[in-house]
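S.K.: My structure is stored as my_file.cif, with mmCIF, C-alpha atoms.
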data_entry
#
loop_
_atom_site.label_atom_id
_atom_site.label_comp_id
_atom_site.auth_asym_id
_atom_site.auth_seq_id
_atom_site.Cartn_x
_atom_site.Cartn_y
_atom_site.Cartn_z
CA MET V 1 15.24 -9.45 -1.90
CA ILE V 2 13.61 -9.57 -5.33
CA SER V 3 16.21 -10.27 -7.99
CA PHE V 4 16.59 -8.36 -11.25
CA PHE V 5 15.95 -11.69 -13.01
CA LYS V 6 12.48 -11.78 -11.48
CA LEU V 7 11.93 -8.27 -12.74
CA LEU V 8 12.73 -9.39 -16.28
CA LEU V 9 10.25 -12.22 -15.91
CA GLY V 10 7.60 -9.85 -14.55
CA ARG V 11 5.30 -7.62 -16.47
CA LEU V 12 7.28 -4.59 -17.62
CA ARG V 13 4.07 -2.75 -18.41
CA TYR V 14 0.90 -1.70 -16.67
CA PRO V 15 -0.47 -4.88 -15.07
CA TRP V 16 -4.09 -3.74 -15.22
CA PRO V 17 -6.55 -2.38 -17.80
CA ARG V 18 -6.86 1.40 -17.42
CA ARG V 19 -10.61 1.59 -18.08
CA ALA V 20 -11.52 -1.03 -15.49
CA ILE V 21 -9.35 0.67 -12.88
CA VAL V 22 -10.55 4.23 -13.44
CA GLN V 23 -14.15 3.08 -13.10
CA ARG V 24 -13.32 1.83 -9.58
CA LEU V 25 -11.60 4.97 -8.31
CA ARG V 26 -13.21 7.17 -5.67
CA PRO V 27 -12.75 10.94 -5.16
CA LEU V 28 -10.96 10.52 -1.83
CA ARG V 29 -8.99 13.16 0.01
CA ILE V 30 -5.67 11.57 0.94
CA SER V 31 -3.34 13.30 3.41
CA ARG V 32 -0.59 12.67 5.95
CA CYS V 33 -2.00 11.48 9.25
CA PRO V 34 -1.52 14.05 12.06
CA LYS V 35 -0.74 12.72 15.52
CA GLU V 36 -4.10 13.82 16.89
CA ARG V 37 -5.90 11.40 14.54
CA ILE V 38 -3.96 8.26 15.38
CA ALA V 39 -6.79 7.03 17.63
CA GLU V 40 -9.11 7.00 14.61
CA LEU V 41 -6.73 4.75 12.70
CA TRP V 42 -6.48 2.38 15.64
CA HIS V 43 -10.29 2.16 15.66
CA LEU V 44 -10.18 1.38 11.93
CA TYR V 45 -7.70 -1.40 12.67
CA GLU V 46 -10.01 -2.86 15.33
CA GLN V 47 -12.90 -2.81 12.86
CA ASN V 48 -10.83 -4.92 10.46
CA MET V 49 -9.74 -7.55 12.97
CA PRO V 50 -12.56 -9.92 11.92
CA HIS V 51 -11.39 -9.65 8.30
CA GLY V 52 -8.14 -11.60 8.52
CA LEU V 53 -5.60 -9.41 10.31
CA PRO V 54 -2.93 -11.46 12.15
CA PRO V 55 -3.40 -12.06 15.89
CA ASP V 56 -1.29 -10.11 18.39
CA GLU V 57 -0.50 -7.39 15.85
CA ASP V 58 -2.13 -4.56 17.75
CA GLY V 59 0.99 -3.60 19.69
CA HIS V 60 3.12 -3.50 16.55
CA TYR V 61 0.57 -1.30 14.80
CA ARG V 62 0.41 1.12 17.72
CA GLU V 63 4.21 1.36 17.64
CA ALA V 64 4.20 2.03 13.90
CA LEU V 65 1.63 4.80 14.27
CA GLN V 66 3.75 6.55 16.90
CA SER V 67 7.12 6.15 15.18
CA ASP V 68 6.58 7.93 11.81
CA ASN V 69 7.99 4.83 10.15
CA PRO V 70 6.18 3.96 7.99
CA MET V 71 4.81 7.28 6.77
CA ILE V 72 1.09 7.02 7.50
CA PHE V 73 -1.66 8.39 5.27
CA LEU V 74 -5.39 8.59 5.78
CA ALA V 75 -8.21 8.81 3.24
CA GLU V 76 -11.49 10.62 3.70
CA GLU V 77 -14.67 10.99 1.71
CA GLY V 78 -17.20 13.62 2.69
CA GLY V 79 -15.25 14.21 5.89
CA ARG V 80 -15.51 10.53 6.89
CA LEU V 81 -12.45 8.33 7.41
CA VAL V 82 -12.62 5.46 4.90
CA GLY V 83 -9.08 4.08 4.81
CA THR V 84 -5.38 4.32 5.57
CA PHE V 85 -2.01 2.98 4.44
CA GLY V 86 1.69 3.35 5.24
CA LEU V 87 4.81 3.65 3.07
CA SER V 88 8.48 2.98 3.83
CA TYR V 89 11.60 2.33 1.78
CA GLU V 90 14.22 -0.41 1.94
CA ALA V 91 17.06 1.33 0.12
CA GLU V 92 19.42 -1.66 -0.07
CA ALA V 93 16.96 -3.59 -2.22
CA ASN V 94 15.08 -0.76 -3.96
CA HIS V 95 11.90 -2.03 -2.31
CA HIS V 96 9.08 0.26 -1.27
CA TRP V 97 6.88 -1.29 1.39
CA LEU V 98 3.13 -0.76 1.48
CA SER V 99 1.82 -1.54 4.95
CA TYR V 100 -1.44 -1.50 6.86
CA LEU V 101 -3.70 -0.76 3.91
CA LEU V 102 -7.00 -0.76 5.78
CA VAL V 103 -10.48 0.10 4.53
CA ALA V 104 -13.53 0.79 6.67
CA PRO V 105 -15.59 -2.43 6.58
CA GLU V 106 -18.66 -0.65 5.20
CA ASP V 107 -16.53 0.46 2.23
CA HIS V 108 -15.06 -2.94 1.37
CA ARG V 109 -15.40 -3.82 -2.33
CA ARG V 110 -16.45 -0.30 -3.25
CA GLY V 111 -13.24 0.97 -4.84
CA VAL V 112 -11.59 2.46 -1.75
CA GLY V 113 -8.84 -0.17 -1.66
CA THR V 114 -8.18 0.33 -5.37
CA THR V 115 -7.92 4.09 -4.86
CA LEU V 116 -5.52 3.66 -1.93
CA LEU V 117 -3.30 1.25 -3.83
CA LEU V 118 -2.96 3.61 -6.80
CA ALA V 119 -2.37 6.51 -4.40
CA SER V 120 0.49 4.62 -2.77
CA ILE V 121 2.13 4.18 -6.19
CA ALA V 122 1.51 7.82 -7.13
CA LEU V 123 3.24 9.00 -3.94
CA LEU V 124 6.45 7.03 -4.52
CA PRO V 125 9.47 9.04 -5.72
CA LYS V 126 10.44 8.79 -9.36
CA ALA V 127 13.34 6.44 -10.03
CA ARG V 128 15.15 5.10 -13.08
CA THR V 129 16.48 1.97 -11.43
CA PRO V 130 14.30 -1.14 -11.00
CA GLN V 131 11.86 -0.65 -8.13
CA PHE V 132 9.34 -2.88 -6.42
CA LEU V 133 6.29 -2.28 -4.28
CA CYS V 134 6.07 -5.03 -1.65
CA ILE V 135 3.51 -6.02 0.94
CA SER V 136 3.17 -8.93 3.35
CA ALA V 137 -0.50 -9.49 2.62
CA VAL V 138 -2.87 -11.44 4.83
CA PRO V 139 -4.41 -14.46 3.03
CA THR V 140 -7.83 -12.80 2.75
CA ALA V 141 -6.30 -9.96 0.68
CA LEU V 142 -4.26 -12.05 -1.77
CA GLY V 143 -6.94 -12.04 -4.47
CA PHE V 144 -7.08 -8.24 -4.39
CA TYR V 145 -3.34 -7.81 -4.91
CA HIS V 146 -3.09 -10.52 -7.54
CA ARG V 147 -5.69 -8.70 -9.63
CA PHE V 148 -3.26 -5.79 -9.78
CA GLY V 149 -0.34 -7.89 -10.97
CA PHE V 150 1.36 -8.59 -7.64
CA ARG V 151 3.27 -11.86 -7.52
CA THR V 152 4.25 -14.04 -4.60
CA GLY V 153 7.96 -13.91 -3.78
CA GLY V 154 8.46 -15.99 -0.66
CA GLU V 155 7.13 -15.60 2.86
CA TRP V 156 7.63 -13.06 5.63
CA GLN V 157 7.89 -14.05 9.30
CA HIS V 158 5.29 -12.01 11.15
CA SER V 159 5.82 -11.07 14.80
CA SER V 160 2.88 -13.31 15.68
CA GLY V 161 4.76 -16.32 14.30
CA LEU V 162 2.68 -16.58 11.15
CA LEU V 163 4.36 -16.89 7.76
CA LEU V 164 2.63 -14.39 5.48
CA PRO V 165 3.05 -14.51 1.69
CA LEU V 166 5.27 -11.68 0.46
CA GLN V 167 3.77 -9.95 -2.57
CA TYR V 168 5.71 -7.72 -4.96
CA LEU V 169 4.86 -5.57 -7.97
CA ALA V 170 7.50 -4.50 -10.48
CA LEU V 171 7.05 -0.76 -11.00
CA VAL V 172 7.14 0.73 -14.49
CA PRO V 173 8.77 4.21 -14.40
CA GLU V 174 5.67 5.93 -15.83
CA MET V 175 3.27 4.14 -13.51
CA GLY V 176 3.36 6.69 -10.69
CA GLU V 177 2.61 9.63 -12.97
CA SER V 178 -0.27 7.78 -14.60
CA CYS V 179 -1.75 6.80 -11.23
CA TRP V 180 -1.58 10.41 -10.09
CA HIS V 181 -3.32 11.58 -13.28
CA TRP V 182 -6.09 8.98 -13.03
CA LEU V 183 -6.76 9.88 -9.41
CA VAL V 184 -6.93 13.60 -10.09
CA THR V 185 -9.25 12.93 -13.04
CA VAL V 186 -11.88 11.40 -10.72
CA GLY V 187 -11.53 14.20 -8.17
CA ALA V 188 -9.15 12.57 -5.68
CA THR V 189 -6.57 14.76 -3.94
CA LEU V 190 -3.09 13.71 -2.80
CA PRO V 191 -0.54 15.46 -0.59
CA ILE V 192 2.66 16.98 -1.93
CA LEU V 193 5.32 15.32 0.19
CA THR V 194 7.85 17.69 1.75
CA GLU V 195 10.04 14.92 3.18
CA ASP V 196 11.33 11.57 2.01
CA ILE V 197 9.51 8.33 2.66
CA PRO V 198 11.32 6.87 5.71
CA LYS V 199 13.89 4.14 5.31
CA THR V 200 13.25 0.86 7.04
CA ALA V 201 15.48 -2.04 8.04
CA PRO V 202 15.69 -4.91 5.54
CA GLN V 203 12.69 -7.20 5.79
CA ALA V 204 13.48 -10.86 6.37
CA ALA V 205 11.80 -13.25 3.98
CA THR V 206 12.07 -16.92 3.16
CA PRO V 207 12.41 -17.91 -0.53
#
Could you express the structure from this file as structure tokens?

M.R.:
Amino acid sequence: MISFFKLLLGRLRYPWPRRAIVQRLRPLRISRCPKERIAELWHLYEQNMPHGLPPDEDGHYREALQSDNPMIFLAEEGGRLVGTFGLSYEAEANHHWLSYLLVAPEDHRRGVGTTLLLASIALLPKARTPQFLCISAVPTALGFYHRFGFRTGGEWQHSSGLLLPLQYLALVPEMGESCWHWLVTVGATLPILTEDIPKTAPQAATP
């Protein structure tokens, strides 16, 4: 659980320069993933296995895709699947969890991951209390998240036995609205959620 003290020590402002971020955004179409497209997301996962995903995670990912927890989104460009991510909410700690942010390998380092990250923030519900966006990032992705102001807050015990560094970002109340505006400005589309992001059990982490 990230303490309020850590929030005070964090950056209570946008942790990235607007101009640099907007230049990286892509006009993706982001939508909820229907059940009939789950096989495509599994294929995307397989494509990313050589890029640092933990071993023996495939069963857990299949389970997540079938359970509606997390809420799964997919991103397309020109009708082609280019990425996906999931969102869930740990109410006891005011933590939103970003999970399985995957980008098609041919679109790595081309702004898709940046677009998906901002989309995940834009889709979070507005809140006045301190909120955090958390992710148990694989080591190969740490540089990406740190560029966006994520900080390391302990480790998370993965089902494979690996200890993955837990990353968290303190969310400024206006951040979601700004992310939505920037995405729309470049031609991206986001879904209007008709149901709450699902609640998840507290995530165990070591300090």

S.K.: For the file shown, report as a PDB file with C-alpha atoms, in the coordinates of the input the outcome of the PyMOL selection byres ((chain V and resi 191) around 12) at residue level.

M.R.:
ATOM      1  CA  LEU V  28     -10.960  10.520  -1.830  1.00  0.00           C
ATOM      2  CA  ARG V  29      -8.990  13.160   0.010  1.00  0.00           C
ATOM      3  CA  ILE V  30      -5.670  11.570   0.940  1.00  0.00           C
ATOM      4  CA  SER V  31      -3.340  13.300   3.410  1.00  0.00           C
ATOM      5  CA  ARG V  32      -0.590  12.670   5.950  1.00  0.00           C
ATOM      6  CA  CYS V  33      -2.000  11.480   9.250  1.00  0.00           C
ATOM      7  CA  ILE V  72       1.090   7.020   7.500  1.00  0.00           C
ATOM      8  CA  PHE V  73      -1.660   8.390   5.270  1.00  0.00           C
ATOM      9  CA  LEU V  74      -5.390   8.590   5.780  1.00  0.00           C
ATOM     10  CA  ALA V  75      -8.210   8.810   3.240  1.00  0.00           C
ATOM     11  CA  ALA V 119      -2.370   6.510  -4.400  1.00  0.00           C
ATOM     12  CA  SER V 120       0.490   4.620  -2.770  1.00  0.00           C
ATOM     13  CA  ALA V 122       1.510   7.820  -7.130  1.00  0.00           C
ATOM     14  CA  LEU V 123       3.240   9.000  -3.940  1.00  0.00           C
ATOM     15  CA  LEU V 124       6.450   7.030  -4.520  1.00  0.00           C
ATOM     16  CA  TRP V 180      -1.580  10.410 -10.090  1.00  0.00           C
ATOM     17  CA  VAL V 184      -6.930  13.600 -10.090  1.00  0.00           C
ATOM     18  CA  ALA V 188      -9.150  12.570  -5.680  1.00  0.00           C
ATOM     19  CA  THR V 189      -6.570  14.760  -3.940  1.00  0.00           C
ATOM     20  CA  LEU V 190      -3.090  13.710  -2.800  1.00  0.00           C
ATOM     21  CA  ILE V 192       2.660  16.980  -1.930  1.00  0.00           C
ATOM     22  CA  LEU V 193       5.320  15.320   0.190  1.00  0.00           C
ATOM     23  CA  THR V 194       7.850  17.690   1.750  1.00  0.00           C
ATOM     24  CA  GLU V 195      10.040  14.920   3.180  1.00  0.00           C
TER      25      GLU V 195
END

S.K.: Pull out every residue that the PyMOL selection byres ((chain V and resi 164) around 6) matches in the shown coordinates and put them as a PyMOL selection string.

M.R.: chain V and resi 136+155-156+163+165

S.K.: Produce a file of the selected residues containing C-alpha atoms, as a short mmCIF file (atom, residue, chain, number, x, y, z; two decimals), keeping the file's coordinate frame.

M.R.:
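As written to disk, result_12.cif reads:
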data_model
loop_
_atom_site.label_atom_id
_atom_site.label_comp_id
_atom_site.auth_asym_id
_atom_site.auth_seq_id
_atom_site.Cartn_x
_atom_site.Cartn_y
_atom_site.Cartn_z
CA SER V 136 3.17 -8.93 3.35
CA GLU V 155 7.13 -15.60 2.86
CA TRP V 156 7.63 -13.06 5.63
CA LEU V 163 4.36 -16.89 7.76
CA PRO V 165 3.05 -14.51 1.69
#

S.K.: Counting only C-alpha atoms, which residue out of V:Gly78, V:Pro130, V:Pro173, V:Pro125 sits closest to Asn94 of chain V?

M.R.: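 Smallest separation from Asn94 of chain V among the options: V:Pro130.
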
S.K.: Write out as a PyMOL selection string the residues lying within 8 Å of Gly83 of chain V, counting all atoms listed in the file and excluding same-chain residues fewer than 4 positions away.

M.R.: chain V and resi 44+74-76+101-104+112-113+116

S.K.: Excluding Phe150 of chain V and residues on its chain fewer than 2 positions from it, collect all residues at most 7 Å away from it, counting only C-alpha atoms, and give them as a list in words.

M.R.: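 Non-adjacent residues within range: Tyr145, His146, Phe148, Thr152, Gln167, Tyr168 and Leu169 of chain V.
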
S.K.: Measuring atom to atom with only C-alpha atoms, identify which of V:Ala141, V:Cys134, V:Thr129, V:His108 is nearest to Gly154 of chain V.

M.R.: V:Cys134

S.K.: How far is it from atom CA of Lys199 of chain V to atom CA of Pro70 of chain V, in Å with one decimal?

M.R.: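 Interatomic distance, atom CA of Lys199 of chain V to atom CA of Pro70 of chain V: 8.2 Å.
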
S.K.: Any chance you could work out the axis-aligned box around segment 37-56 of chain V, listed atoms only, 8 Å on each side, giving centre and edge lengths in Å to one decimal, as JSON?

M.R.:
{"center_x": -7.1, "center_y": -0.3, "center_z": 13.3, "size_x": 27.6, "size_y": 39.5, "size_z": 26.1}

S.K.: Could you please determine the separation between atom CA of Leu183 of chain V and atom CA of Pro15 of chain V in Å, to one decimal place?

M.R.: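 Interatomic distance here is 17.0 Å.
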
S.K.: Which distance in Å separates atom CA of Ile38 of chain V and atom CA of His95 of chain V, to one decimal?

M.R.: 25.9 Å

S.K.: Of the residues V:Leu166, V:Leu65, V:Ile121, V:Ala20, which is the one nearest to Val138 of chain V, using only C-alpha atoms?

M.R.: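 Checking each candidate against Val138 of chain V, we get V:Leu166 as the closest.
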
S.K.: Measuring between only C-alpha atoms, which one of V:Glu63, V:Arg80, V:Leu133, V:Leu117 shows the shortest distance to Arg151 of chain V?

M.R.: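 Comparing V:Glu63, V:Arg80, V:Leu133, V:Leu117 against Arg151 of chain V, the winner is V:Leu133.
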
S.K.: Return the single residue from V:His96, V:Trp16, V:Thr115, V:His43 that is closest to Val186 of chain V, with distances computed using all atoms listed in the file.

M.R.: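 Ranked by minimum distance to Val186 of chain V, first place goes to V:Thr115.
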
S.K.: Please determine, counting all atoms listed in the file, which residue among V:Ile197, V:Ala127, V:Ala39, V:Leu25 has the shortest atom-to-atom distance to Leu98 of chain V.

M.R.: V:Ile197

S.K.: Determine, counting only C-alpha atoms, which protein, DNA and RNA residues have an atom within 12 Å of an atom of segment 67-69 of chain V; residues of the same chain fewer than 6 positions away are not included. Present the result as a list in words.

M.R.: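 Within the cut-off, the hits are Arg32, Cys33, Pro34, Lys35, Ile38, His60, Tyr61, Phe85, Gly86, Leu87, Ser88, Tyr89, Glu90, Trp97, Leu98, Ser99, Tyr100, Glu195, Asp196, Ile197, Pro198, Lys199, Thr200 and Ala201 of chain V.
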
S.K.: My structure is short of atoms at segment 140-151 of chain V; please model all heavy atoms there, returning them as a short mmCIF file (atom, residue, chain, number, x, y, z; two decimals), in the frame of the given file.

M.R.:
data_model
loop_
_atom_site.label_atom_id
_atom_site.label_comp_id
_atom_site.auth_asym_id
_atom_site.auth_seq_id
_atom_site.Cartn_x
_atom_site.Cartn_y
_atom_site.Cartn_z
N THR V 140 -6.55 -13.28 3.25
CA THR V 140 -7.83 -12.80 2.75
C THR V 140 -7.69 -11.69 1.72
O THR V 140 -8.65 -11.38 1.01
CB THR V 140 -8.71 -12.30 3.92
OG1 THR V 140 -7.97 -11.32 4.66
CG2 THR V 140 -9.10 -13.46 4.82
N ALA V 141 -6.50 -11.08 1.62
CA ALA V 141 -6.30 -9.96 0.68
C ALA V 141 -5.53 -10.37 -0.56
O ALA V 141 -5.33 -9.55 -1.46
CB ALA V 141 -5.56 -8.82 1.38
N LEU V 142 -5.10 -11.64 -0.66
CA LEU V 142 -4.26 -12.05 -1.77
C LEU V 142 -4.95 -11.85 -3.12
O LEU V 142 -4.33 -11.41 -4.10
CB LEU V 142 -3.85 -13.51 -1.60
CG LEU V 142 -2.83 -13.79 -0.49
CD1 LEU V 142 -2.51 -15.27 -0.43
CD2 LEU V 142 -1.57 -12.97 -0.71
N GLY V 143 -6.23 -12.19 -3.21
CA GLY V 143 -6.94 -12.04 -4.47
C GLY V 143 -6.94 -10.61 -4.96
O GLY V 143 -6.79 -10.35 -6.16
N PHE V 144 -7.09 -9.66 -4.04
CA PHE V 144 -7.08 -8.24 -4.39
C PHE V 144 -5.75 -7.86 -5.03
O PHE V 144 -5.71 -7.25 -6.11
CB PHE V 144 -7.34 -7.40 -3.14
CG PHE V 144 -7.14 -5.93 -3.33
CD1 PHE V 144 -8.11 -5.16 -3.95
CD2 PHE V 144 -5.98 -5.31 -2.88
CE1 PHE V 144 -7.92 -3.78 -4.12
CE2 PHE V 144 -5.78 -3.94 -3.03
CZ PHE V 144 -6.76 -3.18 -3.67
N TYR V 145 -4.64 -8.21 -4.38
CA TYR V 145 -3.34 -7.81 -4.91
C TYR V 145 -2.98 -8.55 -6.20
O TYR V 145 -2.36 -7.96 -7.09
CB TYR V 145 -2.27 -8.01 -3.83
CG TYR V 145 -2.41 -7.04 -2.70
CD1 TYR V 145 -2.89 -7.44 -1.45
CD2 TYR V 145 -2.12 -5.69 -2.88
CE1 TYR V 145 -3.06 -6.53 -0.42
CE2 TYR V 145 -2.28 -4.77 -1.84
CZ TYR V 145 -2.75 -5.20 -0.63
OH TYR V 145 -2.93 -4.29 0.38
N HIS V 146 -3.38 -9.78 -6.31
CA HIS V 146 -3.09 -10.52 -7.54
C HIS V 146 -3.81 -9.92 -8.74
O HIS V 146 -3.30 -9.97 -9.86
CB HIS V 146 -3.46 -11.99 -7.37
CG HIS V 146 -2.53 -12.73 -6.45
ND1 HIS V 146 -2.76 -14.02 -6.02
CD2 HIS V 146 -1.36 -12.35 -5.88
CE1 HIS V 146 -1.77 -14.40 -5.23
NE2 HIS V 146 -0.92 -13.41 -5.12
N ARG V 147 -4.98 -9.34 -8.52
CA ARG V 147 -5.69 -8.70 -9.63
C ARG V 147 -4.93 -7.50 -10.17
O ARG V 147 -5.13 -7.09 -11.31
CB ARG V 147 -7.09 -8.27 -9.18
CG ARG V 147 -8.08 -9.42 -9.02
CD ARG V 147 -9.50 -8.93 -8.94
NE ARG V 147 -9.75 -8.13 -7.74
CZ ARG V 147 -10.10 -8.64 -6.56
NH1 ARG V 147 -10.22 -9.96 -6.41
NH2 ARG V 147 -10.34 -7.85 -5.53
N PHE V 148 -4.04 -6.94 -9.35
CA PHE V 148 -3.26 -5.79 -9.78
C PHE V 148 -1.86 -6.18 -10.25
O PHE V 148 -1.01 -5.31 -10.44
CB PHE V 148 -3.16 -4.77 -8.64
CG PHE V 148 -4.43 -4.02 -8.40
CD1 PHE V 148 -5.36 -4.48 -7.49
CD2 PHE V 148 -4.72 -2.88 -9.12
CE1 PHE V 148 -6.55 -3.81 -7.28
CE2 PHE V 148 -5.90 -2.20 -8.92
CZ PHE V 148 -6.82 -2.66 -8.01
N GLY V 149 -1.62 -7.45 -10.44
CA GLY V 149 -0.34 -7.89 -10.97
C GLY V 149 0.72 -8.21 -9.95
O GLY V 149 1.87 -8.47 -10.30
N PHE V 150 0.39 -8.19 -8.65
CA PHE V 150 1.36 -8.59 -7.64
C PHE V 150 1.64 -10.09 -7.77
O PHE V 150 0.75 -10.86 -8.12
CB PHE V 150 0.82 -8.31 -6.23
CG PHE V 150 0.96 -6.89 -5.79
CD1 PHE V 150 0.06 -5.92 -6.24
CD2 PHE V 150 1.98 -6.51 -4.94
CE1 PHE V 150 0.17 -4.61 -5.82
CE2 PHE V 150 2.10 -5.18 -4.52
CZ PHE V 150 1.19 -4.23 -4.97
N ARG V 151 2.87 -10.47 -7.48
CA ARG V 151 3.27 -11.86 -7.52
C ARG V 151 3.85 -12.28 -6.18
O ARG V 151 4.42 -11.45 -5.45
CB ARG V 151 4.31 -12.09 -8.63
CG ARG V 151 3.78 -11.75 -10.01
CD ARG V 151 4.76 -12.11 -11.08
NE ARG V 151 4.18 -11.88 -12.39
CZ ARG V 151 4.62 -12.48 -13.50
NH1 ARG V 151 5.64 -13.30 -13.44
NH2 ARG V 151 4.05 -12.22 -14.65
#
